[in-house]
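One structure is given here, and the rest of the page talks about it.
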2 protein chains.
Amino acid sequence: MAEKRQVARTSAGRGQPPVTIYDVARLSGVSPSTVSRALNMPGRLSATTEKRIREVAEAVGYRLNPMARALPTGRTHTVGLLLAEMTNPVYLDLVRSVGRAATSRGYNLILAESVESGDPENETAQRLLNSVDGLILASTGLNNAQICTLAERKPLFVVNRKVRGVPGVVPDLVPGIRAALDHLGELGHRSLAYLAGPPTSWMSRHRASVLESEAGARGMTVSKVKRPVQGPGAGAAALREIEATGASAALVFNGLMATDLLGACQGAGVGVPSELSLVAFEDIFGAAFTSPPLTVIRTPLGSLGHEAARRLVAVLENEVDADATPLSTEFVLRGSTAPPRS
Amino acid sequence: MAEKRQVARTSAGRGQPPVTIYDVARLSGVSPSTVSRALNMPGRLSATTEKRIREVAEAVGYRLNPMARALPTGRTHTVGLLLAEMTNPVYLDLVRSVGRAATSRGYNLILAESVESGDPENETAQRLLNSVDGLILASTGLNNAQICTLAERKPLFVVNRKVRGVPGVVPDLVPGIRAALDHLGELGHRSLAYLAGPPTSWMSRHRASVLESEAGARGMTVSKVKRPVQGPGAGAAALREIEATGASAALVFNGLMATDLLGACQGAGVGVPSELSLVAFEDIFGAAFTSPPLTVIRTPLGSLGHEAARRLVAVLENEVDADATPLSTEFVLRGSTAPPRS
DNA sequence: GCAGGGGTGGAAACCGGTTGCCACTTCTTG
DNA sequence: CAAGAAGTGGCAACCGGTTTCCACCCCTGC
């Protein structure tokens with residue numbers, strides 16, 4: 001007789017227990033299945049009962065339990081965004097745009113940062129993967145094989161990296177790099193240096209390769225400078241390496257390293273742009289305020305995130321494959337370039 | 001006989017269906033409940049069966065289905081972070097620290113931004129609330145009543161705002177403001193202006209009030225300047241308002257507005273700090289690179305987020321109420337202040 | 001007058017875990 | 001040596017929805 005609840009609700013949520021479709025069903029004199037249909041199969045029921053049930057649901061403040069829905073359908077209406085590390089302020093844009101694109105289609109965003117590298121990141125990805133319907137990977141340290149394995153389990157998009165067999169969103173580097181090299185060429189630079197990013201970064205290698213081919217086409221040379229170990233003194237170390245190449249202009253993997261390098265230049269009395277021209281990849285907030293303001297090749301990370309999320313949701317909703325909109329880099333001329341020192 | 005699956009799995013996830021505890025149970029010759037106990041009630045079973053089950057689970061690659069667990073327990077192991085708008089780069093710190101604190105305790109982070117204001121934000125909050133175990137509100141446009149209503153449903157923490165009856169995390173403004181005013185006082189400033197933030201911002205009002213009382217104690221006056229409508233020209237408008245007050249130094253609600261104002265000063269030929277001293281609340285990335293570099297009162301948003309998440313999880317885990325660690329603002333002297341013009 | 005078809009709504013299985021209760025052993029202990 | 005306690009593990013209910021059948025009703029059309 002006595003209905004004893006076997007499973008105790010957690011005491012975390014104070015207040016009365018949430019109202020379920022069973023409550024709504026009882027109150028409107030129909031069966032639970034009918035309530036379910038009224039709420040998400042418009043037209044399946046007679047207009048009058050549908051309306052009545054809707055009103056009752058509204059009146060008693062019914063709210064769907066996403067977990068309960070997820071169990072039978074297997075769909076959580078959630079997308080995951082995995083970042084290896086997001087110290088770089090540009091990621092704010094990425095996170096925002098992915099979040100907005102997701103919520104605009106009724107999806108929630110689960111954000112995960114795997115500060116650790118290697119296996120832990122894979123572990124994080126695996127865990128994340130069974131809480132979400134689809135995953136977006138950005139700035140990942142995972143290798144291609146790991147990414148492919150993940151992609152077999154759930155729809156997945158990679159941002160800023162190309163992995164064979166896995167859909168990805170990558171901007172076209174050529175326009176930005178061409179404009180930058182044209183500009184540097186007109187100023188008279190012939191010998192350039194590229195300060196690379198982390199060795200695991202596909203994008204860093206990609207930039208180096210585009211840089212090299214475009215520079216070659218213009219009769220310029222590019223020396224690749226490995227990124228020094230990060231931390232205090234990294235900027236100064238990078239500066240020494242760059243000077244050792246004899247380059248008159250440097251292209252820097254990202255805005256953070258560029259501001260760091262700029263600081264090192266000031267500390268070492270190296271004039272920018274009088275003695276060394278600087279062009280940074282990525283237009284971080286603040287790049288316009290440095291002195292001199294940084295000339296950059298802007299990567300549209302916001303658009304990349306939006307695009308990735310948009311296409312991911314399209315896949316999740318079984319829509320005809322959303323055609324990829326092409327995304328491009330853009331050269332933004334500010335003040336950190338000048339003709340080489342005679 | 002024929003076991004027909006009534007509920008079709010979505011086709012989204014390719015590959016074989018995930019392995020469940022039923023599979024593990026069958027493979028190790030025990031009942032599903034025993035598997036459940038083996039996996040999350042260490043010691044409840046005999047050591048040998050527990051070990052055997054664990055090995056089988058590991059071997060077949062069993063992964064818990066979080067949704068299935070959430071249904072009976074009511075716990076999703078997820079915390080929500082709701083931001084009204086996160087155009088401000090300082091929020092990256094907040095998001096990261098909340099995310100880290102959450103994942104370090106085994107919780108996922110669901111991030112939501114409600115760009116709209118008013119009711120839509122409340123709607124977002126309500127929806128978010130039944131996907132998570134607890135919620136953190138930052139920079140919210142919600143009113144106190146709405147926040148209290150939310151707090152009745154699930155554990156909730158507010159960041160950078162005080163709401164009666166709802167736990168919150170707010171830094172102590174006094175140290176930062178005292179140091180700033182002492183500094184300005186020594187330089188000889190007597191008449192200050194406070195460029196306020198959005199009228200809905202509790203923190204803006206709080207800063208104004210602390211500013212006023214501390215200034216009064218030093219024989220200084222503070223004129224409150226309302227924030228002009230944002231957009232191009234906002235900085236110039238703010239500058240005119242500030243000049244109209246006759247103040248020789250201005251304190252600005254946040255770093256974004258401060259860099260904007262700084263740009264307007266440069267545009268209008270107003271020397272900073274020679275003609276107008278500037279102090280910004282919030283130490284945004286880039287504030288150190290402006291010219292002159294911005295002197296700021298730093299708000300430890302990262303620590304605030306960490307603290308909020310830490311205490312929230314403590315509540316969710318029914319731990320003895322974690323004692324709040326006091327958080328304080330800090331004055332960072334850079335280059336945007338000088339003695340008043342004669 | 002009756003077969004057939006569309007419109008409505010209910011019963012019940014199921015998703016994959018968790019947990020209260022109980023039965024059966026095995027070990028203490030008086 | 002009997003009684004009670006502790007240790008093990010199975011049964012089955014339950015969380016809150018979704019979805020497949022199916023039954024029933026009413027309306028057509030021949």
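Scheme for the structure tokens: letters A, B, ... for chains in order shown; per-chain residue numbers from 1; ligand numbers from 1 in order shown.
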
Using 7 Å as the limit and counting only C-alpha atoms, can you tabulate each residue of chain A that touches chain B, with its shortest atom-to-atom distance in Å and the two atoms involved, as a tab-separated table?
```
residue	atom	partner	partner_atom	distance
A:Val7	CA	B:Pro72	CA	6.7
A:Arg9	CA	B:Thr73	CA	6.4
A:Thr10	CA	B:Gly74	CA	6.6
A:Ala12	CA	B:Leu316	CA	6.3
A:Gly13	CA	B:Lys154	CA	4.6
A:Arg14	CA	B:Arg153	CA	6.0
A:Gly15	CA	B:Arg153	CA	6.1
A:Asn65	CA	B:Asn130	CA	6.6
A:Pro66	CA	B:Ser131	CA	6.3
A:Met67	CA	B:Met67	CA	5.3
A:Ala68	CA	B:Leu71	CA	5.9
A:Ala70	CA	B:Met67	CA	6.5
A:Leu71	CA	B:Ala68	CA	5.9
A:Pro72	CA	B:Val7	CA	6.7
A:Thr73	CA	B:Arg9	CA	6.4
A:Gly74	CA	B:Arg9	CA	6.4
A:Pro89	CA	B:Pro89	CA	6.8
A:Leu92	CA	B:Leu92	CA	5.8
A:Gly99	CA	B:Ala112	CA	6.9
A:Asn108	CA	B:Ile110	CA	7.0
A:Leu109	CA	B:Ile110	CA	5.6
A:Ile110	CA	B:Ile110	CA	4.4
A:Leu111	CA	B:Leu109	CA	5.7
A:Ala112	CA	B:Gly99	CA	6.9
A:Asn130	CA	B:Asn65	CA	6.6
A:Ser131	CA	B:Pro66	CA	6.3
A:Glu152	CA	B:Arg14	CA	6.2
A:Arg153	CA	B:Gly13	CA	5.5
A:Lys154	CA	B:Gly13	CA	4.7
A:Pro155	CA	B:Gly13	CA	6.7
A:Phe285	CA	B:Gly286	CA	6.8
A:Gly286	CA	B:Gly286	CA	4.3
A:Phe289	CA	B:Thr290	CA	4.8
A:Thr290	CA	B:Phe289	CA	4.8
A:Ser291	CA	B:Ser291	CA	6.9
A:Leu316	CA	B:Ala12	CA	6.3
```

Q.
DSSP on the backbone: which residues in range 28-269 of chain A end up as strand (DSSP E or B)? Give the answer as a ChimeraX atom specification.
A. /A:78-83,108-113,134-138,156-159,163,166,168-169,172,191-195,221-225,249-252

Would you save the residues from that selection as a CSV table (one decimal), in the first residue's frame, using N, CA and C atoms?
```
chain,number,residue,atom,x,y,z
A,78,THR,N,23.5,18.4,-26.2
A,78,THR,CA,24.7,19.0,-25.6
A,78,THR,C,25.9,18.8,-26.5
A,79,VAL,N,26.6,19.9,-26.8
A,79,VAL,CA,27.9,19.7,-27.5
A,79,VAL,C,29.0,20.0,-26.6
A,80,GLY,N,30.1,19.3,-26.8
A,80,GLY,CA,31.3,19.5,-26.0
A,80,GLY,C,32.3,20.3,-26.7
A,81,LEU,N,33.1,21.1,-26.0
A,81,LEU,CA,34.2,21.8,-26.6
A,81,LEU,C,35.4,21.5,-25.7
A,82,LEU,N,36.4,20.9,-26.4
A,82,LEU,CA,37.6,20.5,-25.6
A,82,LEU,C,38.8,21.4,-26.1
A,83,LEU,N,39.3,22.0,-25.1
A,83,LEU,CA,40.5,22.9,-25.4
A,83,LEU,C,41.7,22.3,-24.6
A,108,ASN,N,23.2,22.8,-25.4
A,108,ASN,CA,24.0,23.3,-24.3
A,108,ASN,C,25.5,23.0,-24.6
A,109,LEU,N,26.3,23.8,-24.0
A,109,LEU,CA,27.8,23.7,-24.3
A,109,LEU,C,28.4,23.2,-23.0
A,110,ILE,N,29.1,22.1,-23.2
A,110,ILE,CA,30.0,21.6,-22.0
A,110,ILE,C,31.4,22.0,-22.4
A,111,LEU,N,32.0,22.7,-21.5
A,111,LEU,CA,33.4,23.2,-21.8
A,111,LEU,C,34.4,22.4,-21.0
A,112,ALA,N,35.4,21.9,-21.6
A,112,ALA,CA,36.4,21.2,-20.9
A,112,ALA,C,37.8,21.6,-21.3
A,113,GLU,N,38.6,21.8,-20.4
A,113,GLU,CA,40.0,22.2,-20.6
A,113,GLU,C,40.9,21.1,-20.1
A,134,GLY,N,27.9,15.5,-29.5
A,134,GLY,CA,29.0,15.8,-30.5
A,134,GLY,C,30.1,16.6,-29.9
A,135,LEU,N,31.3,16.6,-30.5
A,135,LEU,CA,32.4,17.2,-29.8
A,135,LEU,C,33.1,18.1,-30.8
A,136,ILE,N,33.6,19.2,-30.3
A,136,ILE,CA,34.5,20.1,-31.0
A,136,ILE,C,35.9,20.1,-30.4
A,137,LEU,N,36.9,19.9,-31.1
A,137,LEU,CA,38.3,19.9,-30.6
A,137,LEU,C,39.0,21.1,-31.1
A,138,ALA,N,39.6,21.8,-30.2
A,138,ALA,CA,40.3,23.0,-30.6
A,138,ALA,C,41.7,23.0,-29.8
A,156,LEU,N,32.2,14.6,-34.7
A,156,LEU,CA,33.3,15.4,-34.1
A,156,LEU,C,33.8,16.4,-35.2
A,157,PHE,N,34.1,17.6,-34.7
A,157,PHE,CA,34.8,18.5,-35.6
A,157,PHE,C,36.1,19.0,-35.0
A,158,VAL,N,37.0,19.2,-35.8
A,158,VAL,CA,38.3,19.8,-35.4
A,158,VAL,C,38.5,21.2,-35.9
A,159,VAL,N,38.9,22.1,-35.0
A,159,VAL,CA,39.1,23.4,-35.4
A,159,VAL,C,40.6,23.7,-35.6
A,163,VAL,N,42.7,16.8,-40.1
A,163,VAL,CA,42.9,15.3,-39.8
A,163,VAL,C,42.2,14.6,-40.9
A,166,VAL,N,38.4,13.2,-40.8
A,166,VAL,CA,37.6,13.9,-39.8
A,166,VAL,C,37.3,15.3,-40.3
A,168,GLY,N,36.8,19.1,-40.4
A,168,GLY,CA,37.5,20.1,-39.7
A,168,GLY,C,37.2,21.5,-40.3
A,169,VAL,N,37.5,22.5,-39.5
A,169,VAL,CA,37.3,23.9,-40.0
A,169,VAL,C,38.7,24.6,-39.8
A,172,ASP,N,41.7,29.8,-44.5
A,172,ASP,CA,42.6,29.8,-45.6
A,172,ASP,C,43.7,30.8,-45.3
A,191,SER,N,64.8,38.7,-45.9
A,191,SER,CA,65.2,37.6,-45.0
A,191,SER,C,64.2,37.7,-43.8
A,192,LEU,N,63.4,36.6,-43.7
A,192,LEU,CA,62.4,36.6,-42.6
A,192,LEU,C,62.7,35.5,-41.6
A,193,ALA,N,62.1,35.6,-40.5
A,193,ALA,CA,62.2,34.5,-39.5
A,193,ALA,C,60.8,34.2,-39.1
A,194,TYR,N,60.5,32.9,-38.9
A,194,TYR,CA,59.2,32.5,-38.3
A,194,TYR,C,59.4,31.9,-37.0
A,195,LEU,N,58.9,32.5,-36.0
A,195,LEU,CA,59.0,32.0,-34.6
A,195,LEU,C,57.8,31.0,-34.4
A,221,THR,N,63.5,34.5,-48.1
A,221,THR,CA,63.8,33.3,-47.3
A,221,THR,C,63.2,33.4,-45.9
A,222,VAL,N,62.8,32.2,-45.4
A,222,VAL,CA,62.2,32.2,-44.1
A,222,VAL,C,63.0,31.2,-43.2
A,223,SER,N,63.6,31.7,-42.2
A,223,SER,CA,64.3,30.8,-41.2
A,223,SER,C,63.3,30.4,-40.1
A,224,LYS,N,63.2,29.1,-39.8
A,224,LYS,CA,62.3,28.7,-38.8
A,224,LYS,C,63.0,28.7,-37.4
A,225,VAL,N,62.4,29.4,-36.5
A,225,VAL,CA,63.0,29.4,-35.2
A,225,VAL,C,62.1,28.7,-34.2
A,249,ALA,N,62.8,40.8,-40.4
A,249,ALA,CA,61.4,40.8,-40.0
A,249,ALA,C,61.1,39.5,-39.4
A,250,ALA,N,60.2,39.5,-38.4
A,250,ALA,CA,59.9,38.2,-37.8
A,250,ALA,C,58.3,38.0,-37.8
A,251,LEU,N,57.9,36.8,-38.2
A,251,LEU,CA,56.5,36.5,-38.0
A,251,LEU,C,56.4,35.5,-36.8
A,252,VAL,N,55.4,35.8,-36.0
A,252,VAL,CA,55.3,35.2,-34.7
A,252,VAL,C,54.1,34.3,-34.6
```

(Q) Near chain B, meaning an atom within 7 Å, which residues of chain C appear when counting only C-alpha atoms (C1' of nucleotides)? Write them as a PyMOL selection string. (A) chain C and resi 14+16-18

C-alpha atoms (C1' of nucleotides) of the current selection, written as a compact mmCIF listing (two decimals), in the first residue's frame:
```txt
# COMPACT_ATOMS: atom_id res chain seq x y z
C1' DC C 14 12.44 0.22 -22.62
C1' DG C 16 20.95 2.07 -18.08
C1' DG C 17 21.92 2.73 -14.15
C1' DT C 18 20.98 2.68 -8.33
```

Hey, what's within 10 Å of DA11 in chain C if we count only C-alpha atoms (C1' of nucleotides) and toss same-chain stuff fewer than 5 positions away? As a JSON list (two decimals) with N, CA, C and O atoms (P, O5', C5', C4', C3', O3' and C1' of nucleotides), in the first residue's frame, please?
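Output (out_30.json):
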```json
[["chain", "number", "residue", "atom", "x", "y", "z"],
["A", 31, "SER", "N", -3.19, 10.18, -20.18],
["A", 31, "SER", "CA", -2.07, 9.33, -19.82],
["A", 31, "SER", "C", -0.75, 10.05, -20.08],
["A", 31, "SER", "O", -0.71, 10.99, -20.87],
["A", 33, "SER", "N", 1.79, 9.25, -21.77],
["A", 33, "SER", "CA", 2.22, 9.25, -23.15],
["A", 33, "SER", "C", 1.55, 10.37, -23.93],
["A", 33, "SER", "O", 2.13, 10.98, -24.81],
["D", 21, "DC", "P", 6.13, -1.94, -33.92],
["D", 21, "DC", "O5'", 4.85, -2.75, -33.46],
["D", 21, "DC", "C5'", 3.77, -1.99, -33.04],
["D", 21, "DC", "C4'", 3.04, -2.64, -31.89],
["D", 21, "DC", "C3'", 1.66, -3.10, -32.32],
["D", 21, "DC", "O3'", 1.30, -4.32, -31.68],
["D", 21, "DC", "C1'", 1.50, -1.32, -30.72],
["D", 22, "DC", "P", 0.13, -5.19, -32.39],
["D", 22, "DC", "O5'", -1.17, -4.63, -31.67],
["D", 22, "DC", "C5'", -1.12, -4.42, -30.26],
["D", 22, "DC", "C4'", -2.31, -3.59, -29.82],
["D", 22, "DC", "C3'", -3.59, -3.82, -30.62],
["D", 22, "DC", "O3'", -4.65, -4.06, -29.72],
["D", 22, "DC", "C1'", -3.16, -1.51, -30.43]]
```

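Put simply, CA of Tyr62 in chain A is 7.5 Å away from CA of Val24 in chain A.
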
Contact residues around DA5 in chain D with only C-alpha atoms (C1' of nucleotides) at 12 Å, ignoring same-chain residues under 4 positions, as an mmCIF file with all heavy atoms, in the first residue's frame:
```cif
data_model
loop_
_atom_site.group_PDB
_atom_site.id
_atom_site.type_symbol
_atom_site.label_atom_id
_atom_site.label_comp_id
_atom_site.auth_asym_id
_atom_site.auth_seq_id
_atom_site.Cartn_x
_atom_site.Cartn_y
_atom_site.Cartn_z
ATOM 1 P P DT C 26 29.547 -21.544 2.717
ATOM 2 O OP1 DT C 26 30.494 -21.686 1.575
ATOM 3 O OP2 DT C 26 28.965 -22.718 3.375
ATOM 4 O "O5'" DT C 26 30.226 -20.628 3.837
ATOM 5 C "C5'" DT C 26 30.699 -19.329 3.477
ATOM 6 C "C4'" DT C 26 31.042 -18.549 4.737
ATOM 7 O "O4'" DT C 26 29.839 -18.123 5.419
ATOM 8 C "C3'" DT C 26 31.868 -19.329 5.783
ATOM 9 O "O3'" DT C 26 32.990 -18.536 6.142
ATOM 10 C "C2'" DT C 26 30.918 -19.519 6.944
ATOM 11 C "C1'" DT C 26 30.038 -18.268 6.807
ATOM 12 N N1 DT C 26 28.703 -18.345 7.436
ATOM 13 C C2 DT C 26 28.318 -17.334 8.273
ATOM 14 O O2 DT C 26 29.001 -16.375 8.533
ATOM 15 N N3 DT C 26 27.054 -17.477 8.804
ATOM 16 C C4 DT C 26 26.173 -18.524 8.596
ATOM 17 O O4 DT C 26 25.078 -18.535 9.124
ATOM 18 C C5 DT C 26 26.661 -19.561 7.727
ATOM 19 C C7 DT C 26 25.791 -20.742 7.443
ATOM 20 C C6 DT C 26 27.885 -19.432 7.186
ATOM 21 P P DC C 27 34.194 -19.230 6.971
ATOM 22 O OP1 DC C 27 35.421 -18.996 6.192
ATOM 23 O OP2 DC C 27 33.819 -20.610 7.409
ATOM 24 O "O5'" DC C 27 34.225 -18.298 8.273
ATOM 25 C "C5'" DC C 27 34.109 -16.892 8.093
ATOM 26 C "C4'" DC C 27 33.631 -16.237 9.380
ATOM 27 O "O4'" DC C 27 32.233 -16.538 9.609
ATOM 28 C "C3'" DC C 27 34.380 -16.686 10.656
ATOM 29 O "O3'" DC C 27 34.788 -15.528 11.372
ATOM 30 C "C2'" DC C 27 33.330 -17.477 11.444
ATOM 31 C "C1'" DC C 27 32.034 -16.806 10.977
ATOM 32 N N1 DC C 27 30.823 -17.653 11.107
ATOM 33 C C2 DC C 27 29.723 -17.173 11.831
ATOM 34 O O2 DC C 27 29.780 -16.049 12.347
ATOM 35 N N3 DC C 27 28.614 -17.950 11.939
ATOM 36 C C4 DC C 27 28.594 -19.157 11.359
ATOM 37 N N4 DC C 27 27.479 -19.886 11.481
ATOM 38 C C5 DC C 27 29.695 -19.669 10.613
ATOM 39 C C6 DC C 27 30.791 -18.887 10.510
ATOM 40 P P DT C 28 36.130 -15.618 12.326
ATOM 41 O OP1 DT C 28 37.083 -14.630 11.869
ATOM 42 O OP2 DT C 28 36.532 -17.058 12.452
ATOM 43 O "O5'" DT C 28 35.538 -15.144 13.738
ATOM 44 C "C5'" DT C 28 34.333 -15.727 14.159
ATOM 45 C "C4'" DT C 28 33.497 -14.703 14.903
ATOM 46 O "O4'" DT C 28 32.106 -15.063 14.743
ATOM 47 C "C3'" DT C 28 33.765 -14.692 16.408
ATOM 48 O "O3'" DT C 28 33.475 -13.424 16.953
ATOM 49 C "C2'" DT C 28 32.810 -15.775 16.910
ATOM 50 C "C1'" DT C 28 31.607 -15.659 15.952
ATOM 51 N N1 DT C 28 31.019 -16.979 15.563
ATOM 52 C C2 DT C 28 29.708 -17.231 15.904
ATOM 53 O O2 DT C 28 29.004 -16.450 16.512
ATOM 54 N N3 DT C 28 29.248 -18.462 15.495
ATOM 55 C C4 DT C 28 29.946 -19.441 14.807
ATOM 56 O O4 DT C 28 29.404 -20.500 14.493
ATOM 57 C C5 DT C 28 31.309 -19.113 14.493
ATOM 58 C C7 DT C 28 32.157 -20.082 13.776
ATOM 59 C C6 DT C 28 31.786 -17.904 14.886
ATOM 60 P P DT C 29 34.058 -13.103 18.435
ATOM 61 O OP1 DT C 29 34.079 -11.619 18.542
ATOM 62 O OP2 DT C 29 35.286 -13.880 18.637
ATOM 63 O "O5'" DT C 29 32.933 -13.672 19.408
ATOM 64 C "C5'" DT C 29 31.576 -13.248 19.226
ATOM 65 C "C4'" DT C 29 30.652 -14.060 20.108
ATOM 66 O "O4'" DT C 29 30.276 -15.305 19.463
ATOM 67 C "C3'" DT C 29 31.252 -14.467 21.474
ATOM 68 O "O3'" DT C 29 30.279 -14.281 22.486
ATOM 69 C "C2'" DT C 29 31.569 -15.936 21.294
ATOM 70 C "C1'" DT C 29 30.400 -16.359 20.404
ATOM 71 N N1 DT C 29 30.599 -17.621 19.644
ATOM 72 C C2 DT C 29 29.512 -18.465 19.473
ATOM 73 O O2 DT C 29 28.419 -18.222 19.895
ATOM 74 N N3 DT C 29 29.786 -19.592 18.752
ATOM 75 C C4 DT C 29 31.018 -19.981 18.221
ATOM 76 O O4 DT C 29 31.139 -21.021 17.595
ATOM 77 C C5 DT C 29 32.103 -19.057 18.442
ATOM 78 C C7 DT C 29 33.464 -19.374 17.910
ATOM 79 C C6 DT C 29 31.849 -17.930 19.141
#
```

Q.
Can you work out which residues from chain D touch chain A at a cut-off of 8 Å (counting only C-alpha atoms (C1' of nucleotides)) and hand them back as a VMD selection string?
A. chain D and resid 13 to 18

Q. For the atom pair CA of Leu211 in chain B and CA of Ile177 in chain B, what is the interatomic distance in Å to one decimal place?
A.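 CA of Ile177 in chain B lies 6.7 Å from CA of Leu211 in chain B.
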
Q) So what do you get for CA of Thr245 in chain B versus CA of Thr299 in chain B, distance-wise? A)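 Rounded to one decimal, the two atoms are 26.6 Å apart.
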
Q. Skipping near chain neighbours, those fewer than 4 positions away, what residues fall within 12 Å of range 3-7 of chain C using only C-alpha atoms (C1' of nucleotides), listed as JSON, numbers by chain?
A. {"A": [43, 44, 45, 46, 47], "D": [24, 25, 26, 27, 28, 29, 30]}
